[in-house]
Amino acid sequence: MPLRLQVRPWTFLLLAGSLTLLWPTAHAQTPSTPPVLAPAHSYSALDEYVFYRLLASEIELRRGEAGLAYPWALEAARHSRDESLFRHAVEIAINNRAGEQALHTARLWRQALPHSVHALETQAVVLVALGRSAEATEPLQTMLDITPAPQRSAAITGLTGILLRSQDQKAAAQWLEEVLKPWREAKPTRGVSLAVLARSWAMAGDVDRALRLADEAQQAEPGLEPAAQLGLDLMDAEPRGEKLVTHYLDQPNTQTISIRIGYARRLTRQHRYLEALAQTETLTHTHPDMAPGWLLLGALQMEVNQPAKALASLQRFLALDEKKPPSSSTEAPHMPVDIEDDASEVDDEHPDRRERAQAYLMLAQAAEQTQDYASAQAWLEKLSETDSDNNNVLIRRASLLQRQGQLQNALALIHTLPQSTPSELRLRIGSEAQILRDAQAWAQAYDVLSQGNQQLPDDADLLYEQAMLAERLQHLDEMEQLLRRVITLKPNHHHAYNALGYSLAERNERLEEARDLIAKALSLSPGDPYITDSLGWVEFRMGHYPQAVDLLQKAYNRRPDTEIAAHLGEALWVSGQQDHARQIWNDGLQRDNHNTVLQETLKRLQVKLQAHP
């Protein structure tokens, strides 16, 4: 099956609502979200004839009679020859699922205003939506002909939106090849025409052709953003798309903010944290006053265990954010910083408040990790003023108490969490178990999860957590039973496959089965550095040292975790690369000199390294 871009299904007769979908921004002269009734200007500027017909149209619309409202609106538009009133009449027809009326209005609009790019574009869009693409060629080519040269590239870019209206993407791409043929041959518009064609073929599922055209577009115009954007959109499923992005970012004097941010986020989705960090560091260096860049940088620094640097970055974000007037707009997009997941639960109504809440939470966590508990508490106080989720603040306060040796007080605080719904109960059970686990009270944490799984039977995530504690308590048979139950309940639970495979590798048992389990986990979460580490470790156990070093080095490059450093160092050590092993271990000690896996590895191999504070 060919790889496809995700294209939102669209058919003309189901289109409703705002006409902003019909007008690409390249030609926008009127407000992008017009009111349901009113045109851009006030009724007071209209003559009585037009005003009366608009009023009649409005009355019919309010009665739900769009079919009766349409003739009044059309007559007002024809009499006034006003672009916004023609647009309003087309919108009424579309909302009433009257495609032929919308096309008739667009034609009348074009007759009244022959040089209107809006009228030409609307006629083409409606024709494409009605499945009559061949008839749309003439109005589109005329539109591009009369578009001023400085705006023509933007107009060509806007053609991509028209393709979304077609029900046959392959036919639409072939049609667009004909429409853009003269502009593809002209030097000023060659690059953008090729990029739009590349996008159209990607939407049609022909990714090879799309990449070839995008590469030609970049050869014609290296700093072309649409080609880079296509690379971003393809990158998760098609690794070759990344070349388009990096080629664009390597060009001097390109406006790279949105592309660089998008690239950093896709790198994090692929678990390539150090590369994402490098991109974000470049972003904050070139745009030091862009507050969201510092927020993303702080999040990534927390992800790679750099809490001191994260503190500085997040405080820089807050300083810049506080200088910004509440009503000001910014060229920089709001960026949710849950870098593992998409923004499905983002509060879009209050992005500024959400971002500050995220910064306060990460600052509290960073201060906690650096054992500055007073500062952590102060940041939590700030968070409680910003974040409506008081449970989040309460859990962080409990964690602070535990870190300061006040385990019982921490548990008492957790016990105040609500538990009236399954989700609330799950949060309370998981939080209590985490507090006990952090305190190394393994048996108590296990009991909490065991009781919780009686209250919430077949909860895969709680069963997984119980399995991890069963392993800690050396209840290995029970751990395996629990993990296999998790896999049955949730076959895509990659952590369960990985945990079971890694446990077998650690015990040097059933190594072929262990490798199969870990390979399954990696297929469910490609590129995950922890799972890659597990696969490298099982190869090491099987005596496949070159393969082990290769896999462990890849895992470490993506996430320089101390436990991964322990494994990589041991694989290098037995492979005769002892100096490199010492370097990796030293780096691991600098990040966490109390890590039990690394300390046990050094002790077992009788390796002494320079002490770190």
# chains A, B, ... in the order shown; residues from 1 in each chain; ligands from 1
>>> residues_around(residues="Val196 in chain A", least_positions_apart="5", cutoff="10 Å", atoms="only C-alpha atoms", output="PyMOL selection string")
chain A and resi 156-160+173+176-177+180+191+201-202+210+213-214+217+226-227+230
>>> write_last_selection(atoms="N, CA and C atoms", output="compact mmCIF listing (two decimals), in the first residue's frame")
# COMPACT_ATOMS: atom_id res chain seq x y z
N ILE A 156 0.39 30.67 -6.09
CA ILE A 156 0.63 29.28 -6.51
C ILE A 156 0.65 28.36 -5.29
N THR A 157 1.30 28.79 -4.22
CA THR A 157 1.31 27.99 -2.99
C THR A 157 -0.11 27.72 -2.50
N GLY A 158 -0.99 28.72 -2.64
CA GLY A 158 -2.36 28.56 -2.17
C GLY A 158 -3.16 27.52 -2.94
N LEU A 159 -2.68 27.11 -4.12
CA LEU A 159 -3.42 26.11 -4.90
C LEU A 159 -3.51 24.77 -4.20
N THR A 160 -2.58 24.51 -3.29
CA THR A 160 -2.62 23.23 -2.56
C THR A 160 -3.95 23.07 -1.83
N ALA A 173 -3.85 15.84 -8.99
CA ALA A 173 -2.42 16.11 -9.16
C ALA A 173 -2.06 16.18 -10.65
N LEU A 176 -3.29 19.45 -11.96
CA LEU A 176 -2.47 20.58 -11.54
C LEU A 176 -1.17 20.65 -12.34
N GLU A 177 -0.66 19.51 -12.77
CA GLU A 177 0.53 19.51 -13.63
C GLU A 177 0.27 20.37 -14.88
N LEU A 180 -0.06 24.24 -13.98
CA LEU A 180 1.18 24.91 -13.59
C LEU A 180 2.29 24.76 -14.63
N GLY A 191 10.51 27.07 -8.78
CA GLY A 191 10.67 26.39 -7.50
C GLY A 191 9.35 26.18 -6.79
N TRP A 201 1.33 15.39 -5.32
CA TRP A 201 1.59 13.96 -5.53
C TRP A 201 1.74 13.23 -4.20
N ALA A 202 2.24 13.90 -3.20
CA ALA A 202 2.28 13.28 -1.87
C ALA A 202 0.87 13.01 -1.37
N ALA A 210 6.79 12.67 -5.33
CA ALA A 210 6.74 13.89 -4.53
C ALA A 210 8.15 14.30 -4.08
N LEU A 213 10.20 15.68 -7.03
CA LEU A 213 9.80 17.05 -7.39
C LEU A 213 10.26 18.05 -6.34
N ALA A 214 10.16 17.68 -5.06
CA ALA A 214 10.59 18.58 -3.99
C ALA A 214 12.10 18.82 -4.07
N ALA A 217 12.63 21.25 -6.71
CA ALA A 217 12.23 22.57 -6.22
C ALA A 217 13.34 23.22 -5.42
N PRO A 226 7.96 25.85 1.35
CA PRO A 226 6.99 24.77 1.11
C PRO A 226 7.63 23.40 0.90
N ALA A 227 8.80 23.36 0.26
CA ALA A 227 9.48 22.07 0.08
C ALA A 227 9.93 21.51 1.42
N LEU A 230 6.93 20.16 3.33
CA LEU A 230 6.56 18.82 2.85
C LEU A 230 7.47 17.77 3.49
>>> residues_around(residues="Ser166 in chain A", least_positions_apart="2", cutoff="7 Å", atoms="only C-alpha atoms", output="PDB file with C-alpha atoms, in the first residue's frame")
ATOM      1  CA  VAL A 128     -12.998  21.270  -8.292  1.00  0.00           C
ATOM      2  CA  ALA A 129     -15.322  20.492  -5.391  1.00  0.00           C
ATOM      3  CA  GLY A 131     -15.657  17.166  -9.634  1.00  0.00           C
ATOM      4  CA  LEU A 163      -6.699  20.058  -4.015  1.00  0.00           C
ATOM      5  CA  LEU A 164      -8.187  19.204  -0.628  1.00  0.00           C
ATOM      6  CA  ASP A 168      -9.710  11.977  -6.633  1.00  0.00           C
ATOM      7  CA  GLN A 169      -6.301  13.130  -5.472  1.00  0.00           C
ATOM      8  CA  ALA A 172      -6.208  16.371  -9.181  1.00  0.00           C
TER       9      ALA A 172
END
>>> select_by_dssp(residues="range 356-533 of chain A", states="helix (DSSP H, G or I)", output="short mmCIF file (atom, residue, chain, number, x, y, z; two decimals) with N, CA and C atoms, in the first residue's frame")
data_model
loop_
_atom_site.label_atom_id
_atom_site.label_comp_id
_atom_site.auth_asym_id
_atom_site.auth_seq_id
_atom_site.Cartn_x
_atom_site.Cartn_y
_atom_site.Cartn_z
N ARG A 356 2.83 29.13 30.88
CA ARG A 356 3.41 29.52 32.18
C ARG A 356 3.26 28.39 33.19
N ALA A 357 2.12 27.72 33.18
CA ALA A 357 1.91 26.61 34.11
C ALA A 357 2.92 25.50 33.83
N GLN A 358 3.16 25.21 32.56
CA GLN A 358 4.15 24.19 32.22
C GLN A 358 5.54 24.60 32.69
N ALA A 359 5.85 25.89 32.53
CA ALA A 359 7.17 26.37 32.96
C ALA A 359 7.31 26.25 34.48
N TYR A 360 6.29 26.64 35.22
CA TYR A 360 6.35 26.55 36.68
C TYR A 360 6.52 25.11 37.15
N LEU A 361 5.80 24.20 36.49
CA LEU A 361 5.90 22.78 36.87
C LEU A 361 7.31 22.26 36.61
N MET A 362 7.86 22.57 35.45
CA MET A 362 9.21 22.09 35.14
C MET A 362 10.25 22.75 36.03
N LEU A 363 10.05 24.02 36.36
CA LEU A 363 10.97 24.69 37.29
C LEU A 363 10.94 24.02 38.65
N ALA A 364 9.75 23.66 39.10
CA ALA A 364 9.65 22.97 40.39
C ALA A 364 10.37 21.63 40.34
N GLN A 365 10.21 20.91 39.25
CA GLN A 365 10.87 19.61 39.11
C GLN A 365 12.39 19.77 39.02
N ALA A 366 12.84 20.79 38.27
CA ALA A 366 14.28 21.02 38.14
C ALA A 366 14.89 21.40 39.48
N ALA A 367 14.22 22.28 40.22
CA ALA A 367 14.73 22.67 41.53
C ALA A 367 14.74 21.47 42.47
N GLU A 368 13.74 20.63 42.37
CA GLU A 368 13.67 19.43 43.20
C GLU A 368 14.85 18.51 42.89
N GLN A 369 15.16 18.34 41.60
CA GLN A 369 16.27 17.47 41.21
C GLN A 369 17.62 18.01 41.67
N TYR A 373 14.92 22.61 47.57
CA TYR A 373 13.52 22.35 47.89
C TYR A 373 12.73 23.63 48.17
N ALA A 374 13.38 24.63 48.71
CA ALA A 374 12.68 25.89 48.96
C ALA A 374 12.23 26.53 47.65
N SER A 375 13.12 26.53 46.67
CA SER A 375 12.75 27.08 45.36
C SER A 375 11.68 26.24 44.70
N ALA A 376 11.78 24.93 44.84
CA ALA A 376 10.75 24.06 44.26
C ALA A 376 9.38 24.39 44.84
N GLN A 377 9.33 24.60 46.16
CA GLN A 377 8.07 24.95 46.79
C GLN A 377 7.55 26.30 46.29
N ALA A 378 8.46 27.25 46.10
CA ALA A 378 8.06 28.57 45.61
C ALA A 378 7.47 28.46 44.20
N TRP A 379 8.08 27.64 43.34
CA TRP A 379 7.55 27.48 42.00
C TRP A 379 6.19 26.79 42.03
N LEU A 380 6.00 25.87 42.96
CA LEU A 380 4.69 25.23 43.08
C LEU A 380 3.62 26.22 43.51
N GLU A 381 4.01 27.17 44.35
CA GLU A 381 3.06 28.21 44.75
C GLU A 381 2.63 29.02 43.52
N LYS A 382 3.61 29.32 42.66
CA LYS A 382 3.29 30.03 41.42
C LYS A 382 2.37 29.17 40.54
N LEU A 383 2.66 27.88 40.50
CA LEU A 383 1.87 26.97 39.68
C LEU A 383 0.42 26.93 40.16
N SER A 384 0.22 26.93 41.46
CA SER A 384 -1.13 26.85 42.01
C SER A 384 -1.95 28.09 41.65
N GLU A 385 -1.27 29.20 41.40
CA GLU A 385 -1.97 30.43 40.99
C GLU A 385 -2.35 30.39 39.52
N THR A 386 -1.69 29.54 38.75
CA THR A 386 -1.85 29.53 37.29
C THR A 386 -2.61 28.33 36.80
N ASN A 390 -5.35 21.38 40.50
CA ASN A 390 -4.74 21.38 41.82
C ASN A 390 -4.12 20.03 42.17
N ASN A 391 -4.62 18.96 41.55
CA ASN A 391 -4.05 17.64 41.81
C ASN A 391 -2.59 17.59 41.40
N ASN A 392 -2.27 18.24 40.31
CA ASN A 392 -0.89 18.28 39.82
C ASN A 392 0.02 18.94 40.84
N VAL A 393 -0.43 20.06 41.40
CA VAL A 393 0.35 20.77 42.41
C VAL A 393 0.50 19.92 43.66
N LEU A 394 -0.59 19.28 44.06
CA LEU A 394 -0.57 18.46 45.27
C LEU A 394 0.42 17.31 45.15
N ILE A 395 0.44 16.66 44.01
CA ILE A 395 1.35 15.52 43.80
C ILE A 395 2.80 15.98 43.85
N ARG A 396 3.10 17.14 43.25
CA ARG A 396 4.46 17.66 43.30
C ARG A 396 4.86 18.03 44.73
N ARG A 397 3.92 18.55 45.50
CA ARG A 397 4.23 18.88 46.90
C ARG A 397 4.51 17.61 47.69
N ALA A 398 3.76 16.57 47.41
CA ALA A 398 4.00 15.30 48.09
C ALA A 398 5.39 14.78 47.74
N SER A 399 5.78 14.90 46.49
CA SER A 399 7.11 14.46 46.08
C SER A 399 8.20 15.24 46.81
N LEU A 400 7.98 16.53 46.98
CA LEU A 400 8.95 17.35 47.72
C LEU A 400 9.08 16.89 49.16
N LEU A 401 7.95 16.60 49.78
CA LEU A 401 7.99 16.13 51.17
C LEU A 401 8.76 14.82 51.27
N GLN A 402 8.53 13.91 50.34
CA GLN A 402 9.23 12.63 50.37
C GLN A 402 10.73 12.83 50.21
N ARG A 403 11.13 13.70 49.32
CA ARG A 403 12.56 13.95 49.10
C ARG A 403 13.23 14.54 50.34
N LEU A 407 8.09 11.08 54.53
CA LEU A 407 7.29 10.14 53.76
C LEU A 407 5.85 10.10 54.23
N GLN A 408 5.61 10.03 55.51
CA GLN A 408 4.24 9.92 56.01
C GLN A 408 3.42 11.16 55.68
N ASN A 409 4.04 12.33 55.78
CA ASN A 409 3.34 13.56 55.41
C ASN A 409 3.03 13.57 53.92
N ALA A 410 3.96 13.05 53.12
CA ALA A 410 3.74 12.97 51.68
C ALA A 410 2.56 12.07 51.37
N LEU A 411 2.51 10.90 52.04
CA LEU A 411 1.41 9.98 51.80
C LEU A 411 0.08 10.56 52.28
N ALA A 412 0.11 11.27 53.38
CA ALA A 412 -1.13 11.90 53.87
C ALA A 412 -1.67 12.90 52.86
N LEU A 413 -0.76 13.60 52.21
CA LEU A 413 -1.18 14.57 51.20
C LEU A 413 -1.78 13.83 49.98
N ILE A 414 -1.15 12.75 49.57
CA ILE A 414 -1.68 11.96 48.44
C ILE A 414 -3.07 11.42 48.77
N PRO A 422 -13.11 6.42 38.23
CA PRO A 422 -11.97 5.51 37.94
C PRO A 422 -10.69 6.27 37.60
N SER A 423 -10.78 7.36 36.85
CA SER A 423 -9.57 8.11 36.50
C SER A 423 -8.95 8.76 37.73
N GLU A 424 -9.79 9.28 38.62
CA GLU A 424 -9.27 9.86 39.86
C GLU A 424 -8.63 8.79 40.73
N LEU A 425 -9.27 7.64 40.83
CA LEU A 425 -8.73 6.54 41.63
C LEU A 425 -7.41 6.06 41.05
N ARG A 426 -7.33 5.97 39.72
CA ARG A 426 -6.10 5.54 39.06
C ARG A 426 -4.97 6.52 39.38
N LEU A 427 -5.27 7.82 39.33
CA LEU A 427 -4.25 8.83 39.63
C LEU A 427 -3.78 8.71 41.07
N ARG A 428 -4.71 8.51 41.98
CA ARG A 428 -4.34 8.41 43.39
C ARG A 428 -3.48 7.17 43.65
N ILE A 429 -3.88 6.03 43.10
CA ILE A 429 -3.11 4.79 43.30
C ILE A 429 -1.71 4.94 42.71
N GLY A 430 -1.65 5.43 41.48
CA GLY A 430 -0.36 5.57 40.82
C GLY A 430 0.56 6.56 41.54
N SER A 431 -0.03 7.65 42.04
CA SER A 431 0.78 8.66 42.73
C SER A 431 1.32 8.13 44.05
N GLU A 432 0.49 7.40 44.79
CA GLU A 432 0.95 6.83 46.05
C GLU A 432 2.06 5.81 45.81
N ALA A 433 1.89 4.98 44.80
CA ALA A 433 2.92 3.99 44.48
C ALA A 433 4.22 4.67 44.08
N GLN A 434 4.12 5.76 43.33
CA GLN A 434 5.32 6.47 42.90
C GLN A 434 6.06 7.08 44.07
N ILE A 435 5.32 7.66 45.00
CA ILE A 435 5.95 8.25 46.18
C ILE A 435 6.70 7.16 46.96
N LEU A 436 6.08 6.01 47.15
CA LEU A 436 6.71 4.92 47.87
C LEU A 436 7.91 4.36 47.10
N ARG A 437 7.79 4.28 45.79
CA ARG A 437 8.89 3.79 44.98
C ARG A 437 10.09 4.74 45.08
N ASP A 438 9.82 6.05 45.00
CA ASP A 438 10.91 7.02 45.13
C ASP A 438 11.60 6.92 46.48
N TRP A 442 9.77 -0.55 48.43
CA TRP A 442 9.29 -1.37 47.34
C TRP A 442 8.09 -2.22 47.74
N ALA A 443 8.14 -2.85 48.89
CA ALA A 443 7.05 -3.75 49.31
C ALA A 443 5.75 -2.97 49.51
N GLN A 444 5.84 -1.80 50.12
CA GLN A 444 4.64 -0.99 50.33
C GLN A 444 4.05 -0.54 48.99
N ALA A 445 4.92 -0.13 48.08
CA ALA A 445 4.45 0.29 46.77
C ALA A 445 3.76 -0.87 46.05
N TYR A 446 4.35 -2.05 46.17
CA TYR A 446 3.75 -3.23 45.56
C TYR A 446 2.36 -3.50 46.13
N ASP A 447 2.24 -3.41 47.46
CA ASP A 447 0.94 -3.66 48.09
C ASP A 447 -0.11 -2.65 47.62
N VAL A 448 0.29 -1.38 47.48
CA VAL A 448 -0.65 -0.35 47.01
C VAL A 448 -1.16 -0.71 45.61
N LEU A 449 -0.27 -1.13 44.73
CA LEU A 449 -0.69 -1.47 43.37
C LEU A 449 -1.49 -2.76 43.34
N SER A 450 -1.11 -3.70 44.17
CA SER A 450 -1.87 -4.96 44.22
C SER A 450 -3.31 -4.70 44.64
N GLN A 451 -3.50 -3.88 45.68
CA GLN A 451 -4.85 -3.53 46.13
C GLN A 451 -5.57 -2.70 45.07
N GLY A 452 -4.81 -1.80 44.40
CA GLY A 452 -5.42 -0.98 43.37
C GLY A 452 -5.92 -1.80 42.20
N ASN A 453 -5.20 -2.86 41.85
CA ASN A 453 -5.62 -3.70 40.75
C ASN A 453 -6.82 -4.56 41.11
N GLN A 454 -7.10 -4.69 42.39
CA GLN A 454 -8.35 -5.33 42.79
C GLN A 454 -9.52 -4.36 42.63
N GLN A 455 -9.25 -3.06 42.87
CA GLN A 455 -10.29 -2.04 42.71
C GLN A 455 -10.53 -1.71 41.24
N ALA A 460 -4.36 -2.05 32.44
CA ALA A 460 -3.06 -2.49 31.93
C ALA A 460 -1.90 -1.69 32.52
N ASP A 461 -2.08 -0.39 32.68
CA ASP A 461 -0.97 0.43 33.16
C ASP A 461 -0.65 0.15 34.63
N LEU A 462 -1.67 -0.03 35.45
CA LEU A 462 -1.41 -0.36 36.85
C LEU A 462 -0.81 -1.76 36.98
N LEU A 463 -1.26 -2.70 36.16
CA LEU A 463 -0.67 -4.03 36.17
C LEU A 463 0.80 -3.99 35.77
N TYR A 464 1.12 -3.14 34.81
CA TYR A 464 2.51 -3.00 34.39
C TYR A 464 3.36 -2.47 35.55
N GLU A 465 2.87 -1.47 36.25
CA GLU A 465 3.62 -0.92 37.38
C GLU A 465 3.80 -1.97 38.47
N GLN A 466 2.78 -2.77 38.71
CA GLN A 466 2.90 -3.84 39.70
C GLN A 466 3.95 -4.86 39.26
N ALA A 467 4.00 -5.15 37.99
CA ALA A 467 4.99 -6.09 37.47
C ALA A 467 6.41 -5.58 37.71
N MET A 468 6.63 -4.28 37.51
CA MET A 468 7.95 -3.71 37.73
C MET A 468 8.38 -3.83 39.19
N LEU A 469 7.42 -3.67 40.09
CA LEU A 469 7.75 -3.81 41.51
C LEU A 469 7.92 -5.28 41.89
N ALA A 470 7.18 -6.16 41.23
CA ALA A 470 7.38 -7.59 41.48
C ALA A 470 8.81 -7.99 41.09
N GLU A 471 9.31 -7.45 40.00
CA GLU A 471 10.70 -7.73 39.62
C GLU A 471 11.66 -7.18 40.67
N ARG A 472 11.40 -5.97 41.15
CA ARG A 472 12.27 -5.37 42.17
C ARG A 472 12.33 -6.25 43.41
N LEU A 476 9.90 -13.06 40.24
CA LEU A 476 10.08 -13.03 38.80
C LEU A 476 8.97 -13.78 38.05
N ASP A 477 8.52 -14.88 38.60
CA ASP A 477 7.42 -15.60 37.94
C ASP A 477 6.16 -14.73 37.90
N GLU A 478 5.89 -14.05 39.02
CA GLU A 478 4.71 -13.18 39.07
C GLU A 478 4.87 -12.02 38.09
N MET A 479 6.09 -11.46 38.03
CA MET A 479 6.33 -10.37 37.09
C MET A 479 5.99 -10.80 35.67
N GLU A 480 6.44 -12.01 35.28
CA GLU A 480 6.18 -12.46 33.92
C GLU A 480 4.69 -12.67 33.69
N GLN A 481 4.00 -13.22 34.66
CA GLN A 481 2.55 -13.42 34.52
C GLN A 481 1.83 -12.08 34.34
N LEU A 482 2.24 -11.10 35.14
CA LEU A 482 1.60 -9.78 35.06
C LEU A 482 1.87 -9.13 33.70
N LEU A 483 3.11 -9.21 33.22
CA LEU A 483 3.44 -8.59 31.94
C LEU A 483 2.71 -9.28 30.79
N ARG A 484 2.59 -10.58 30.85
CA ARG A 484 1.85 -11.27 29.78
C ARG A 484 0.36 -10.91 29.84
N ARG A 485 -0.14 -10.66 31.03
CA ARG A 485 -1.53 -10.19 31.15
C ARG A 485 -1.69 -8.80 30.54
N VAL A 486 -0.70 -7.95 30.75
CA VAL A 486 -0.72 -6.60 30.16
C VAL A 486 -0.74 -6.71 28.64
N ILE A 487 0.09 -7.59 28.09
CA ILE A 487 0.17 -7.75 26.64
C ILE A 487 -1.15 -8.26 26.09
N THR A 488 -1.81 -9.15 26.83
CA THR A 488 -3.11 -9.65 26.39
C THR A 488 -4.15 -8.53 26.38
N LEU A 489 -4.13 -7.71 27.45
CA LEU A 489 -5.11 -6.63 27.55
C LEU A 489 -4.82 -5.50 26.58
N HIS A 494 4.15 -1.35 24.31
CA HIS A 494 5.55 -1.66 24.01
C HIS A 494 6.40 -1.78 25.27
N HIS A 495 6.03 -1.05 26.32
CA HIS A 495 6.82 -1.14 27.56
C HIS A 495 6.78 -2.56 28.14
N ALA A 496 5.63 -3.21 28.01
CA ALA A 496 5.51 -4.57 28.57
C ALA A 496 6.40 -5.55 27.80
N TYR A 497 6.38 -5.49 26.47
CA TYR A 497 7.27 -6.35 25.68
C TYR A 497 8.73 -6.09 26.05
N ASN A 498 9.08 -4.82 26.14
CA ASN A 498 10.47 -4.46 26.43
C ASN A 498 10.88 -4.92 27.83
N ALA A 499 10.01 -4.70 28.80
CA ALA A 499 10.35 -5.07 30.17
C ALA A 499 10.56 -6.56 30.32
N LEU A 500 9.70 -7.35 29.69
CA LEU A 500 9.83 -8.80 29.79
C LEU A 500 11.10 -9.27 29.08
N GLY A 501 11.36 -8.73 27.88
CA GLY A 501 12.56 -9.12 27.16
C GLY A 501 13.82 -8.71 27.89
N TYR A 502 13.83 -7.51 28.44
CA TYR A 502 15.02 -7.03 29.16
C TYR A 502 15.26 -7.86 30.42
N SER A 503 14.18 -8.21 31.11
CA SER A 503 14.33 -9.02 32.32
C SER A 503 14.97 -10.38 31.99
N LEU A 504 14.54 -10.98 30.89
CA LEU A 504 15.14 -12.25 30.48
C LEU A 504 16.61 -12.06 30.12
N ALA A 505 16.94 -10.95 29.44
CA ALA A 505 18.34 -10.69 29.08
C ALA A 505 19.18 -10.47 30.33
N GLU A 506 18.65 -9.75 31.29
CA GLU A 506 19.40 -9.49 32.52
C GLU A 506 19.73 -10.80 33.24
N LEU A 511 17.29 -16.20 25.63
CA LEU A 511 17.74 -14.99 24.95
C LEU A 511 17.09 -14.81 23.58
N GLU A 512 16.81 -15.89 22.88
CA GLU A 512 16.13 -15.76 21.59
C GLU A 512 14.73 -15.17 21.78
N GLU A 513 14.04 -15.66 22.80
CA GLU A 513 12.71 -15.13 23.11
C GLU A 513 12.82 -13.67 23.54
N ALA A 514 13.84 -13.38 24.34
CA ALA A 514 14.04 -12.00 24.79
C ALA A 514 14.23 -11.07 23.61
N ARG A 515 15.05 -11.50 22.63
CA ARG A 515 15.28 -10.65 21.46
C ARG A 515 13.99 -10.45 20.67
N ASP A 516 13.18 -11.49 20.54
CA ASP A 516 11.91 -11.36 19.81
C ASP A 516 10.97 -10.38 20.52
N LEU A 517 10.91 -10.46 21.83
CA LEU A 517 10.05 -9.56 22.59
C LEU A 517 10.49 -8.10 22.44
N ILE A 518 11.79 -7.89 22.52
CA ILE A 518 12.30 -6.51 22.42
C ILE A 518 12.14 -5.99 21.00
N ALA A 519 12.36 -6.84 20.02
CA ALA A 519 12.15 -6.43 18.63
C ALA A 519 10.69 -6.03 18.40
N LYS A 520 9.77 -6.76 19.01
CA LYS A 520 8.35 -6.40 18.93
C LYS A 520 8.12 -5.02 19.56
N ALA A 521 8.72 -4.79 20.71
CA ALA A 521 8.58 -3.48 21.36
C ALA A 521 9.10 -2.36 20.47
N LEU A 522 10.23 -2.62 19.82
CA LEU A 522 10.84 -1.60 18.97
C LEU A 522 9.99 -1.34 17.73
N SER A 523 9.30 -2.35 17.25
CA SER A 523 8.41 -2.14 16.10
C SER A 523 7.21 -1.28 16.49
N LEU A 524 6.81 -1.34 17.75
CA LEU A 524 5.70 -0.53 18.24
C LEU A 524 6.13 0.88 18.60
N PRO A 529 15.07 5.04 22.55
CA PRO A 529 16.43 4.71 22.98
C PRO A 529 16.49 3.66 24.07
N TYR A 530 15.50 3.63 24.96
CA TYR A 530 15.51 2.62 26.01
C TYR A 530 15.30 1.21 25.45
N ILE A 531 14.41 1.11 24.45
CA ILE A 531 14.18 -0.21 23.85
C ILE A 531 15.39 -0.60 22.99
N THR A 532 15.98 0.38 22.30
CA THR A 532 17.20 0.10 21.55
C THR A 532 18.30 -0.37 22.48
N ASP A 533 18.38 0.24 23.66
CA ASP A 533 19.34 -0.20 24.68
C ASP A 533 19.09 -1.66 25.06
#
>>> residues_around(residues="range 51-64 of chain A", least_positions_apart="5", cutoff="6 Å", atoms="only C-alpha atoms", output="ChimeraX atom specification")
/A:46,69,72-73,76
>>> write_last_selection(atoms="N, CA and C atoms", output="short mmCIF file (atom, residue, chain, number, x, y, z; two decimals), in the first residue's frame")
data_model
loop_
_atom_site.label_atom_id
_atom_site.label_comp_id
_atom_site.auth_asym_id
_atom_site.auth_seq_id
_atom_site.Cartn_x
_atom_site.Cartn_y
_atom_site.Cartn_z
N LEU A 46 -24.30 51.37 2.85
CA LEU A 46 -25.02 50.81 1.72
C LEU A 46 -26.25 51.65 1.39
N ALA A 69 -32.97 32.83 1.72
CA ALA A 69 -32.02 33.92 1.99
C ALA A 69 -31.10 34.17 0.81
N TRP A 72 -31.98 36.89 -2.05
CA TRP A 72 -31.84 38.27 -1.54
C TRP A 72 -30.37 38.66 -1.46
N ALA A 73 -29.54 37.78 -0.96
CA ALA A 73 -28.11 38.09 -0.83
C ALA A 73 -27.47 38.25 -2.20
N ALA A 76 -28.38 41.61 -3.71
CA ALA A 76 -27.61 42.69 -3.06
C ALA A 76 -26.20 42.74 -3.62
#
>>> atom_distance(atom1="CA of Lys187 in chain A", atom2="CA of Gln229 in chain A")
21.3 Å
>>> atom_distance(atom1="CA of Gly231 in chain A", atom2="CA of Asn253 in chain A")
19.4 Å
>>> atom_distance(atom1="CA of Asp215 in chain A", atom2="CA of Leu234 in chain A")
13.5 Å
>>> residues_around(residues="Asp145 in chain A", least_positions_apart="4", cutoff="12 Å", atoms="only C-alpha atoms", output="PyMOL selection string")
chain A and resi 115-117+120+138-141+149+151-153+155-156+179-180+182-183
>>> closest_residue(among="A:His415, A:Arg107, A:Arg97, A:Lys243", to="Leu127 in chain A", atoms="only C-alpha atoms")
A:Arg107
